[in-house]
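Structure file coords37.cif with mmCIF, C-alpha atoms:
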```
data_query
#
loop_
_atom_site.label_atom_id
_atom_site.label_comp_id
_atom_site.auth_asym_id
_atom_site.auth_seq_id
_atom_site.Cartn_x
_atom_site.Cartn_y
_atom_site.Cartn_z
CA MET A 1 23.68 -46.00 45.01
CA LYS A 2 21.07 -45.62 47.68
CA VAL A 3 20.62 -42.22 49.31
CA ARG A 4 19.07 -42.16 52.74
CA ALA A 5 15.72 -40.51 53.34
CA GLY A 6 15.86 -36.80 54.04
CA GLN A 7 19.24 -36.38 52.40
CA GLU A 8 18.28 -36.16 48.79
CA GLN A 9 15.18 -36.23 46.69
CA GLY A 10 14.40 -39.58 45.23
CA PRO A 11 14.49 -40.10 41.44
CA GLY A 12 10.69 -39.91 41.19
CA GLN A 13 10.55 -36.67 43.17
CA VAL A 14 13.31 -35.05 41.14
CA ARG A 15 11.71 -36.20 37.90
CA GLN A 16 8.29 -34.97 39.02
CA GLY A 17 9.67 -31.56 40.01
CA TYR A 18 11.54 -31.34 36.70
CA GLU A 19 8.38 -32.16 34.74
CA VAL A 20 6.38 -29.54 36.65
CA GLU A 21 9.02 -26.90 35.88
CA GLN A 22 9.24 -27.94 32.25
CA GLY A 23 5.46 -27.92 31.93
CA TYR A 24 5.25 -24.40 33.28
CA GLU A 25 8.09 -23.21 31.06
CA ALA A 26 6.39 -24.80 28.05
CA LYS A 27 3.16 -22.97 28.85
CA ARG A 28 5.01 -19.69 29.19
CA ARG A 29 6.81 -20.15 25.88
CA SER A 30 4.01 -21.79 23.92
CA PRO A 31 1.94 -19.82 21.42
CA SER A 32 -1.13 -18.25 22.87
CA ALA A 33 -4.55 -19.71 22.48
CA PRO A 34 -6.35 -18.67 19.31
CA GLY A 35 -7.23 -15.05 19.49
CA THR A 36 -5.63 -14.31 22.83
CA GLY A 37 -2.23 -13.10 21.80
CA GLN A 38 -1.10 -13.75 25.36
CA VAL A 39 0.76 -16.27 27.42
CA GLY A 40 -1.24 -19.44 27.95
CA ASP A 41 -2.74 -18.26 31.23
CA PRO A 42 -6.36 -19.27 32.02
CA GLY A 43 -7.33 -15.78 33.25
CA THR A 44 -5.84 -14.06 30.21
CA ARG A 45 -7.46 -16.52 27.83
CA GLY A 46 -10.83 -15.99 29.51
CA LEU A 47 -10.58 -12.21 29.23
CA ALA A 48 -9.54 -12.48 25.58
CA LEU A 49 -12.46 -14.77 24.72
CA LEU A 50 -14.83 -12.40 26.51
CA MET A 51 -13.51 -9.43 24.51
CA HIS A 52 -13.79 -11.35 21.23
CA ALA A 53 -17.35 -12.34 22.02
CA ALA A 54 -18.19 -8.75 23.02
CA PHE A 55 -16.72 -7.42 19.77
CA PHE A 56 -18.82 -9.65 17.54
CA LEU A 57 -21.88 -9.11 19.71
CA LEU A 58 -21.51 -5.31 19.54
CA LEU A 59 -20.75 -5.47 15.81
CA GLY A 60 -23.86 -7.55 15.16
CA ALA A 61 -26.01 -5.34 17.41
CA SER A 62 -24.77 -2.18 15.67
CA LEU A 63 -25.45 -3.62 12.22
CA THR A 64 -28.90 -4.79 13.28
CA ARG A 65 -29.72 -1.37 14.75
CA PHE A 66 -28.66 0.35 11.53
CA LEU A 67 -30.73 -1.96 9.35
CA LEU A 68 -33.78 -1.49 11.56
CA ARG A 69 -33.44 2.28 11.85
CA HIS A 70 -32.37 2.99 8.25
CA PRO A 71 -33.96 0.44 5.93
CA GLY A 72 -33.37 0.84 2.22
CA GLU A 73 -30.75 3.59 2.42
CA THR A 74 -28.09 3.84 -0.28
CA ARG A 75 -25.29 3.46 2.24
CA THR A 76 -26.66 0.12 3.48
CA PRO A 77 -24.50 -2.01 1.12
CA TRP A 78 -21.43 -0.08 2.27
CA ILE A 79 -22.33 -0.62 5.91
CA ILE A 80 -22.86 -4.35 5.37
CA GLY A 81 -19.64 -4.69 3.37
CA LEU A 82 -17.55 -2.75 5.87
CA SER A 83 -19.05 -4.73 8.77
CA ALA A 84 -18.13 -8.00 7.05
CA ALA A 85 -14.62 -6.66 6.31
CA LEU A 86 -14.21 -5.57 9.93
CA ALA A 87 -15.25 -9.04 11.16
CA VAL A 88 -12.83 -10.79 8.76
CA LEU A 89 -9.98 -8.47 9.74
CA TYR A 90 -10.65 -9.10 13.42
CA VAL A 91 -10.58 -12.86 12.88
CA LEU A 92 -7.27 -12.61 11.00
CA GLY A 93 -5.60 -10.96 14.01
CA PRO A 94 -4.62 -14.15 15.90
CA VAL A 95 -3.04 -15.59 12.73
CA LEU A 96 -0.48 -12.78 12.73
CA GLY A 97 0.65 -13.52 16.31
CA SER A 98 0.72 -11.38 19.42
CA ARG A 99 4.02 -9.50 19.02
CA PRO A 100 4.09 -5.95 17.60
CA THR A 101 5.58 -6.96 14.27
CA PRO A 102 5.20 -4.71 11.20
CA ARG A 103 2.48 -6.96 9.75
CA ARG A 104 0.66 -6.94 13.07
CA LEU A 105 0.85 -3.12 13.28
CA VAL A 106 -0.40 -2.75 9.69
CA TRP A 107 -3.29 -5.07 10.51
CA LEU A 108 -4.21 -3.01 13.56
CA GLY A 109 -4.06 0.21 11.55
CA VAL A 110 -6.34 -1.21 8.83
CA LEU A 111 -8.72 -2.57 11.48
CA VAL A 112 -9.00 0.83 13.20
CA ALA A 113 -9.37 2.65 9.87
CA VAL A 114 -12.25 0.40 8.76
CA TRP A 115 -13.93 0.90 12.13
CA MET A 116 -13.53 4.69 11.86
CA VAL A 117 -15.15 4.68 8.42
CA LEU A 118 -18.01 2.66 9.84
CA VAL A 119 -18.39 5.11 12.72
CA VAL A 120 -18.51 8.03 10.29
CA LEU A 121 -21.20 6.28 8.22
CA ALA A 122 -23.11 4.85 11.18
CA PRO A 123 -22.31 6.27 14.64
CA SER A 124 -23.89 3.27 16.40
CA PHE A 125 -20.74 1.24 15.56
CA ALA A 126 -18.85 3.37 18.10
CA TRP A 127 -19.60 0.78 20.81
CA CYS A 128 -17.13 -1.62 19.16
CA ALA A 129 -14.39 0.64 20.50
CA VAL A 130 -14.19 -1.16 23.88
CA PRO A 131 -12.85 -4.46 22.44
CA LEU A 132 -10.55 -2.41 20.22
CA PHE A 133 -9.18 -0.76 23.36
CA TYR A 134 -8.16 -4.18 24.56
CA THR A 135 -6.62 -5.11 21.21
CA GLY A 136 -4.53 -1.94 21.08
CA LEU A 137 -3.39 -2.19 24.70
CA ARG A 138 -2.43 -5.80 24.14
CA ILE A 139 -0.32 -5.17 21.03
CA LEU A 140 1.17 -1.68 21.19
CA PRO A 141 3.76 -0.19 23.56
CA PRO A 142 2.20 1.72 26.49
CA ARG A 143 2.43 5.24 25.04
CA ALA A 144 1.24 4.24 21.58
CA ALA A 145 -1.59 2.23 23.14
CA LEU A 146 -2.72 5.20 25.24
CA ALA A 147 -2.66 7.43 22.16
CA LEU A 148 -4.80 4.93 20.27
CA VAL A 149 -7.26 4.75 23.18
CA ALA A 150 -7.52 8.55 23.21
CA LEU A 151 -8.16 8.61 19.44
CA LEU A 152 -10.84 5.93 19.67
CA THR A 153 -12.47 7.74 22.58
CA LEU A 154 -12.71 10.97 20.59
CA PHE A 155 -14.44 9.11 17.77
CA VAL A 156 -16.84 7.55 20.25
CA VAL A 157 -17.68 10.97 21.75
CA ALA A 158 -18.22 12.45 18.29
CA ALA A 159 -20.44 9.53 17.31
CA GLN A 160 -22.53 9.85 20.46
CA LEU A 161 -23.03 13.56 19.90
CA ARG A 162 -24.16 12.90 16.32
CA LEU A 163 -26.80 10.49 17.58
CA ALA A 164 -28.05 12.90 20.24
CA ASP A 165 -30.66 15.54 19.54
CA GLY A 166 -28.63 18.17 21.39
CA PHE A 167 -25.57 18.62 23.54
CA ASP A 168 -25.52 16.10 26.39
CA PRO A 169 -22.67 16.34 28.98
CA ASN A 170 -23.17 12.68 29.83
CA LEU A 171 -22.34 11.65 26.29
CA VAL A 172 -19.18 13.75 26.42
CA LEU A 173 -17.96 12.50 29.81
CA ALA A 174 -19.13 8.88 29.85
CA PRO A 175 -16.94 7.52 26.99
CA PRO A 176 -13.68 8.93 28.41
CA ALA A 177 -14.61 7.59 31.84
CA VAL A 178 -15.29 4.12 30.40
CA ALA A 179 -12.04 4.26 28.43
CA ALA A 180 -10.08 5.33 31.51
CA VAL A 181 -11.55 2.55 33.66
CA ALA A 182 -10.96 -0.09 30.98
CA THR A 183 -7.38 1.08 30.44
CA ALA A 184 -6.62 1.19 34.18
CA VAL A 185 -8.04 -2.30 34.72
CA PHE A 186 -6.05 -3.71 31.82
CA ILE A 187 -2.79 -2.08 32.93
CA HIS A 188 -3.36 -3.31 36.49
CA MET A 189 -3.94 -6.85 35.23
CA GLN A 190 -0.79 -6.65 33.12
CA ARG A 191 1.27 -5.56 36.11
CA GLN A 192 -0.21 -8.29 38.27
CA ALA A 193 0.56 -10.87 35.60
CA ALA A 194 4.14 -9.61 35.32
CA THR A 195 4.56 -9.71 39.10
CA GLN A 196 3.13 -13.20 39.25
CA ALA A 197 5.44 -14.35 36.47
CA GLU A 198 8.45 -12.94 38.35
CA LEU A 199 7.35 -14.68 41.55
CA ILE A 200 6.92 -17.98 39.74
CA ASP A 201 10.33 -17.57 38.10
CA ASP A 202 11.87 -16.91 41.52
CA LEU A 203 10.06 -19.95 42.93
CA LEU A 204 11.27 -22.19 40.11
CA ARG A 205 14.82 -20.87 40.43
CA THR A 206 14.75 -21.41 44.20
CA ARG A 207 13.39 -24.89 43.68
CA ARG A 208 16.15 -25.72 41.23
CA GLU A 209 18.77 -24.36 43.62
CA LEU A 210 17.25 -26.34 46.50
CA ALA A 211 17.21 -29.50 44.43
CA ALA A 212 20.86 -28.95 43.47
CA THR A 213 21.77 -28.36 47.13
CA GLU A 214 19.94 -31.51 48.19
CA ARG A 215 21.70 -33.49 45.49
CA ARG A 216 25.07 -32.18 46.67
CA GLU A 217 24.21 -32.98 50.29
CA GLY A 218 23.03 -36.43 49.29
CA THR A 219 26.25 -37.03 47.38
CA LEU A 220 28.35 -35.95 50.36
CA ALA A 221 26.28 -38.10 52.72
CA GLU A 222 26.66 -41.09 50.42
CA ARG A 223 30.42 -40.54 50.26
CA GLN A 224 30.57 -40.40 54.05
CA ARG A 225 28.50 -43.56 54.32
CA LEU A 226 30.73 -45.41 51.87
CA SER A 227 33.88 -44.19 53.63
CA MET A 228 32.54 -45.56 56.92
CA GLU A 229 31.53 -48.86 55.32
CA ILE A 230 34.92 -49.25 53.65
CA HIS A 231 36.79 -48.32 56.83
CA ASP A 232 34.86 -50.77 59.01
CA THR A 233 35.13 -53.69 56.59
CA LEU A 234 37.51 -53.59 53.65
CA ALA A 235 40.18 -51.37 55.21
CA GLN A 236 40.20 -53.34 58.47
CA GLY A 237 40.28 -56.60 56.57
CA LEU A 238 43.20 -55.45 54.43
CA SER A 239 45.04 -54.33 57.57
CA SER A 240 44.54 -57.77 59.13
CA GLN A 241 45.69 -59.47 55.94
CA GLN A 242 48.81 -57.34 55.89
CA MET A 243 49.72 -58.29 59.46
CA LEU A 244 49.04 -61.98 58.81
CA LEU A 245 51.08 -62.05 55.63
CA GLN A 246 53.95 -60.22 57.32
CA ALA A 247 53.82 -62.78 60.14
CA ALA A 248 53.81 -65.60 57.57
CA ASP A 249 56.79 -64.08 55.81
CA ARG A 250 58.74 -63.91 59.08
CA THR A 251 58.02 -67.56 60.01
CA TRP A 252 58.03 -69.08 56.54
CA ASP A 253 61.47 -70.70 56.85
CA ALA A 254 61.49 -71.41 60.59
CA ASP A 255 57.88 -72.63 60.99
CA PRO A 256 56.23 -73.38 57.63
CA ALA A 257 53.09 -74.81 59.27
CA THR A 258 52.41 -71.59 61.18
CA ALA A 259 53.15 -69.52 58.09
CA ARG A 260 50.64 -71.55 56.06
CA ARG A 261 48.06 -71.11 58.81
CA HIS A 262 48.59 -67.34 58.62
CA VAL A 263 48.12 -67.47 54.86
CA ARG A 264 44.91 -69.52 55.18
CA THR A 265 43.55 -67.04 57.72
CA ALA A 266 44.42 -64.13 55.40
CA THR A 267 42.66 -65.99 52.57
CA GLY A 268 39.52 -66.29 54.71
CA ILE A 269 39.62 -62.56 55.44
CA ALA A 270 40.01 -61.87 51.72
CA GLU A 271 36.92 -63.98 51.00
CA ARG A 272 34.87 -62.04 53.53
CA ASN A 273 36.11 -58.74 52.11
CA LEU A 274 35.10 -59.89 48.65
CA ALA A 275 31.62 -60.69 49.95
CA GLU A 276 31.41 -57.25 51.57
CA ALA A 277 32.55 -55.55 48.37
CA ARG A 278 29.85 -57.36 46.39
CA ARG A 279 27.26 -56.27 48.92
CA PHE A 280 28.42 -52.67 48.61
CA VAL A 281 27.76 -52.91 44.89
CA HIS A 282 24.22 -54.14 45.54
CA ASP A 283 23.77 -51.98 48.67
CA LEU A 284 22.84 -54.95 50.86
CA ALA A 285 23.22 -55.51 54.59
CA PRO A 286 26.57 -56.46 56.20
CA ALA A 287 27.65 -60.00 55.45
CA ASP A 288 27.11 -61.26 59.01
CA LEU A 289 23.57 -59.86 59.09
CA ALA A 290 22.81 -61.16 55.61
CA GLU A 291 23.50 -64.70 56.83
CA GLY A 292 20.50 -64.49 59.20
CA GLY A 293 20.21 -64.69 62.96
CA GLY A 294 20.07 -60.98 63.66
CA LEU A 295 22.49 -58.71 65.50
CA GLU A 296 23.16 -61.13 68.37
CA ALA A 297 24.29 -63.92 66.04
CA ALA A 298 26.36 -61.46 64.01
CA LEU A 299 28.18 -60.22 67.14
CA HIS A 300 28.90 -63.80 68.27
CA ALA A 301 30.26 -64.60 64.81
CA LEU A 302 32.39 -61.44 64.91
CA ALA A 303 33.83 -62.36 68.32
CA THR A 304 34.67 -65.89 67.16
CA ARG A 305 36.28 -64.66 63.97
CA GLU A 306 38.38 -61.98 65.68
CA THR A 307 39.60 -64.52 68.22
CA ALA A 308 40.60 -66.93 65.46
CA GLN A 309 42.32 -64.29 63.39
CA SER A 310 44.41 -63.06 66.31
CA GLN A 311 46.20 -66.42 66.52
CA GLY A 312 45.87 -66.55 70.32
CA ARG A 313 46.92 -62.94 70.96
CA LEU A 314 43.37 -61.73 71.68
CA THR A 315 40.31 -63.47 73.06
CA VAL A 316 36.97 -61.82 72.28
CA ARG A 317 33.79 -62.81 74.12
CA CYS A 318 30.23 -61.76 73.40
CA HIS A 319 27.37 -61.35 75.90
CA VAL A 320 23.73 -60.45 75.31
CA GLU A 321 21.60 -59.11 78.15
CA GLY A 322 17.85 -58.64 78.02
CA THR A 323 15.40 -59.27 75.23
CA PRO A 324 14.24 -56.63 72.76
CA HIS A 325 10.50 -55.91 72.87
CA THR A 326 10.47 -55.49 69.10
CA ALA A 327 12.92 -56.39 66.38
CA LEU A 328 15.64 -53.80 65.94
CA PRO A 329 15.46 -51.87 62.67
CA ASP A 330 17.90 -53.04 60.04
CA ARG A 331 19.79 -49.74 60.04
CA VAL A 332 20.27 -49.97 63.85
CA GLN A 333 21.59 -53.52 63.61
CA SER A 334 23.90 -52.58 60.74
CA ALA A 335 25.24 -49.51 62.58
CA LEU A 336 25.93 -51.38 65.85
CA LEU A 337 27.65 -54.22 64.00
CA ARG A 338 29.87 -51.76 62.12
CA ILE A 339 30.71 -49.98 65.36
CA ALA A 340 31.69 -53.29 66.94
CA GLN A 341 33.90 -54.12 63.96
CA GLY A 342 35.60 -50.72 64.07
CA ALA A 343 36.15 -50.83 67.83
CA LEU A 344 37.68 -54.33 67.71
CA ALA A 345 39.94 -53.20 64.87
CA ASN A 346 41.17 -50.38 67.14
CA VAL A 347 41.73 -52.88 69.96
CA THR A 348 43.75 -55.16 67.68
CA GLU A 349 45.92 -52.41 66.23
CA HIS A 350 46.36 -49.96 69.12
CA ALA A 351 45.38 -51.35 72.52
CA GLY A 352 47.79 -54.28 72.92
CA ALA A 353 44.98 -56.14 74.74
CA THR A 354 44.69 -59.86 75.41
CA GLU A 355 40.95 -59.88 76.16
CA ALA A 356 37.98 -57.96 74.83
CA ALA A 357 34.25 -58.23 75.41
CA LEU A 358 31.20 -57.29 73.36
CA THR A 359 28.13 -56.70 75.54
CA LEU A 360 24.77 -56.01 73.90
CA THR A 361 22.13 -54.80 76.37
CA HIS A 362 18.46 -54.42 75.47
CA LEU A 363 16.70 -51.84 77.67
CA ASP A 364 13.14 -50.57 77.53
CA ASP A 365 13.99 -47.35 75.73
CA ARG A 366 17.35 -48.02 74.12
CA THR A 367 19.87 -50.59 73.01
CA VAL A 368 23.44 -50.31 74.33
CA LEU A 369 26.58 -51.91 72.94
CA ASP A 370 29.76 -51.93 75.07
CA ILE A 371 33.17 -52.88 73.66
CA ALA A 372 35.68 -53.30 76.51
CA ASP A 373 39.34 -54.37 76.46
CA ASN A 374 42.17 -54.82 78.99
CA GLY A 375 44.73 -52.97 76.91
CA HIS A 376 47.13 -50.25 77.96
CA GLY A 377 44.44 -47.55 77.69
CA PHE A 378 44.96 -43.86 77.10
CA THR A 379 43.85 -40.44 78.29
CA PRO A 380 40.83 -39.30 76.27
CA ALA A 381 40.97 -35.71 75.06
CA PRO A 382 37.94 -33.50 74.35
CA ARG A 383 36.77 -33.85 70.78
CA THR A 384 37.21 -30.46 69.14
CA GLY A 385 37.66 -31.74 65.61
CA THR A 386 40.32 -33.87 64.01
CA PRO A 387 43.74 -32.35 64.75
CA ASP A 388 46.38 -32.10 62.13
CA GLY A 389 48.50 -35.19 61.98
CA VAL A 390 46.00 -37.48 63.71
CA ARG A 391 45.31 -40.43 61.52
CA GLY A 392 42.23 -42.51 61.75
CA HIS A 393 38.62 -42.55 60.72
CA GLY A 394 37.07 -45.07 63.12
CA LEU A 395 35.74 -42.88 65.93
CA PRO A 396 34.36 -40.14 63.63
CA ALA A 397 32.62 -42.89 61.64
CA MET A 398 31.11 -44.34 64.82
CA ARG A 399 29.86 -40.94 65.91
CA ALA A 400 28.43 -40.21 62.47
CA ARG A 401 26.53 -43.52 62.44
CA LEU A 402 25.05 -42.87 65.87
CA GLN A 403 24.13 -39.26 65.08
CA GLN A 404 22.09 -40.49 62.13
CA LEU A 405 20.14 -42.70 64.57
CA GLY A 406 19.91 -40.10 67.35
CA GLY A 407 22.33 -42.11 69.50
CA THR A 408 25.41 -41.29 71.56
CA LEU A 409 28.99 -42.55 71.81
CA ALA A 410 30.94 -42.52 75.08
CA ILE A 411 34.56 -43.53 75.70
CA GLU A 412 36.02 -44.37 79.12
CA SER A 413 39.73 -45.05 79.41
CA ALA A 414 42.81 -44.36 81.48
CA PRO A 415 46.47 -45.35 81.06
CA GLY A 416 46.93 -48.97 82.16
CA GLU A 417 43.21 -49.56 82.81
CA GLY A 418 41.86 -50.52 79.41
CA THR A 419 39.11 -48.87 77.39
CA VAL A 420 35.32 -49.10 77.21
CA VAL A 421 33.46 -47.77 74.16
CA THR A 422 29.70 -47.44 74.69
CA ALA A 423 27.22 -46.90 71.85
CA ALA A 424 23.60 -46.22 72.81
CA VAL A 425 20.69 -46.00 70.37
CA PRO A 426 17.19 -44.84 71.45
CA LEU A 427 14.29 -47.05 70.39
CA THR A 428 11.33 -44.63 70.68
CA GLY A 429 10.47 -41.20 69.31
CA GLU A 430 12.20 -39.15 66.68
CA PRO A 431 15.99 -38.91 66.69
CA PRO A 432 17.06 -35.92 68.80
CA ALA A 433 19.45 -33.23 67.71
CA ALA A 434 23.09 -34.07 67.20
CA PRO A 435 24.64 -35.14 70.51
CA SER A 436 27.26 -33.07 72.25
CA PRO A 437 30.88 -33.87 71.47
CA ALA A 438 32.25 -36.94 73.20
CA PRO A 439 35.89 -37.61 74.00
CA GLY A 440 37.91 -39.24 71.29
CA HIS A 441 41.32 -40.82 70.66
CA GLN A 442 43.52 -41.88 67.82
CA ASP A 443 42.14 -44.86 65.97
CA SER A 444 42.84 -46.99 62.98
CA PRO A 445 42.69 -45.61 59.46
#
```
Would you kindly transcribe this structure into structure tokens?
Amino acid sequence: MKVRAGQEQGPGQVRQGYEVEQGYEAKRRSPSAPGTGQVGDPGTRGLALLMHAAFFLLLGASLTRFLLRHPGETRTPWIIGLSAALAVLYVLGPVLGSRPTPRRLVWLGVLVAVWMVLVVLAPSFAWCAVPLFYTGLRILPPRAALALVALLTLFVVAAQLRLADGFDPNLVLAPPAVAAVATAVFIHMQRQAATQAELIDDLLRTRRELAATERREGTLAERQRLSMEIHDTLAQGLSSQQMLLQAADRTWDADPATARRHVRTATGIAERNLAEARRFVHDLAPADLAEGGGLEAALHALATRETAQSQGRLTVRCHVEGTPHTALPDRVQSALLRIAQGALANVTEHAGATEAALTLTHLDDRTVLDIADNGHGFTPAPRTGTPDGVRGHGLPAMRARLQQLGGTLAIESAPGEGTVVTAAVPLTGEPPAAPSPAPGHQDSP
């Protein structure tokens, strides 16, 4: 079924929003990029790649420095072997995943142990500690990670002092300062990432709730639309058929010709109801509008049909005043035709009128439809909601149709003076806010 614009997201919009959410969730739950050990976030991946590149760069620079400064030493094969082992171990890290599993913790311990041995043999390898800071902070719980950072920093300080000719306060203070800054930056980034993830989760949850609310509102609006359509067509047609068949039953023995005429009229109404029902299924325009000729022709056809169906009890005339500057939108024509059908059904069932008139007036800024009758009338009461025990759906349906178009409904009546129902629809600008309550009365079901 069709859902009007603004009431519910269309299928493409809902599907697109669902795919966006699913894509984000898939990224959050997917394995990290090689070597990152983190959620598939571009910033995290970039930082991880930078740290990996820095590690291998520092490892290569440290090995090169050792070979240049200490050529031909007996420990050279050990340094080369341990450097190669450290590189292989570092590469194996992403294969074990990013969670602190036992295998992952053993790997980290072996990696740090090999690095420490290298630092003892060649202090220049101490600079590889910075990428190892990142690896430890990324894998271990906060306290364990901070303890590892402190241990690595002590080894770096010791290595720097071994390389220096004498005691240098800068070598003692600089490594802890670098470690503190690196740790603070990483922890801040982690907290920002966690906050961002929470905000995105809240946004996705709110979006899902909003989509569900819009779907519910669209469903309710569609139910209201269908109830109005059924009331103004099928229900009114069935009511007319019931009256005609009851009249045929009463006159069947005394006046068979009149009874058959009632039956034929009821058959015609049934055919029109069948056409309306089929159009509901396909969500097409009202039958009279679907036949062509526009609203004016549809109102004339409605007046002629209501006069014929009343069997001489009611005469309905139709008048059109003015000429529209532009063609009326289909939804305006459909709404005004349904309002005319509902109002005439009220006249037939409640008013006891002998004459009724449909007057369609085209003004510069609005289109006005008046439905007047010479029935017994009534005293309109302020509309404060549908009281208990009041049956009928016609007037609320008319008001709902007009509110959707930014229009108004007015009712003028008095006992013994007939009734005039006026529906006005603006033709320019956006529909205004819902109109103020208008008087109402009991109407047909």
For segment 145-152 of chain A, please output as number ranges by chain all residues within 7 Å (counting only C-alpha atoms; exclusion window: fewer than 5 positions along the same chain). A: 129, 133, 136-137, 140
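Atom pair atom CA of Tyr134 of chain A / atom CA of His52 of chain A: separated by 9.7 Å.
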Excluding same-chain residues fewer than 5 positions from Phe378 of chain A, what lies within 9 Å of it counting all atoms listed in the file, as a compact mmCIF listing (two decimals) with C-alpha atoms, in the frame of the given file?
```txt
# COMPACT_ATOMS: atom_id res chain seq x y z
CA ALA A 351 45.38 -51.35 72.52
CA SER A 413 39.73 -45.05 79.41
CA ALA A 414 42.81 -44.36 81.48
CA PRO A 415 46.47 -45.35 81.06
CA GLY A 416 46.93 -48.97 82.16
CA GLU A 417 43.21 -49.56 82.81
CA GLY A 418 41.86 -50.52 79.41
CA THR A 419 39.11 -48.87 77.39
CA HIS A 441 41.32 -40.82 70.66
```
Take the PyMOL selection byres ((chain A and resi 244) around 8), run it mentally on this structure, and tell me the resulting residues as JSON, numbers by chain. {"A": [240, 241, 242, 243, 245, 246, 247, 248, 262, 263, 265, 266]}
Identify all residues satisfying the PyMOL selection byres ((chain A and resi 224-234) around 6) in the given file; provide them as a list in words. Ala221, Glu222, Arg223, Ala235, Gln236, Gly237, Asn273, Arg338, Gly342 and Ala397 of chain A
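With atom CA of Leu118 of chain A on one side and atom CA of Gly93 of chain A on the other, the separation reads 18.9 Å.
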Here atom CA of Ala343 of chain A and atom CA of Ile371 of chain A stand apart by 6.9 Å
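Among the candidate residues A:Ala53, A:Val425, A:Ala301, A:Leu238, the one lying nearest to Pro329 of chain A is A:Val425, with distances computed using all atoms listed in the file.
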Report the residues retrieved by the PyMOL selection byres ((chain A and resi 361-366) around 8) from the displayed file, expressed as a PyMOL selection string. chain A and resi 320-325+359-360+367-369+424-428
Which protein, DNA or RNA residues are at most 7 Å from (20.1, -40.8, 68.1) in the file's coordinates when you count all atoms listed in the file, listed as a list in words? Leu402, Gln403, Gln404, Leu405, Gly406, Gly407, Thr408, Val425, Pro426, Pro431 and Pro432 of chain A
Which polymer residues, whether protein, DNA or RNA, lie within 10 Å of the coordinate (45.6, -54.8, 74.1) when you count all atoms listed in the file? List them as a short mmCIF file (atom, residue, chain, number, x, y, z; two decimals) with C-alpha atoms, in the coordinates of the input, using the chain letters and numbers from the file.
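Dumped everything to point-v1.cif:
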```
data_model
loop_
_atom_site.label_atom_id
_atom_site.label_comp_id
_atom_site.auth_asym_id
_atom_site.auth_seq_id
_atom_site.Cartn_x
_atom_site.Cartn_y
_atom_site.Cartn_z
CA ARG A 313 46.92 -62.94 70.96
CA LEU A 314 43.37 -61.73 71.68
CA ASN A 346 41.17 -50.38 67.14
CA VAL A 347 41.73 -52.88 69.96
CA THR A 348 43.75 -55.16 67.68
CA GLU A 349 45.92 -52.41 66.23
CA HIS A 350 46.36 -49.96 69.12
CA ALA A 351 45.38 -51.35 72.52
CA GLY A 352 47.79 -54.28 72.92
CA ALA A 353 44.98 -56.14 74.74
CA THR A 354 44.69 -59.86 75.41
CA GLU A 355 40.95 -59.88 76.16
CA ALA A 356 37.98 -57.96 74.83
CA ASP A 373 39.34 -54.37 76.46
CA ASN A 374 42.17 -54.82 78.99
CA GLY A 375 44.73 -52.97 76.91
CA HIS A 376 47.13 -50.25 77.96
CA GLY A 377 44.44 -47.55 77.69
CA GLY A 418 41.86 -50.52 79.41
CA THR A 419 39.11 -48.87 77.39
#
```
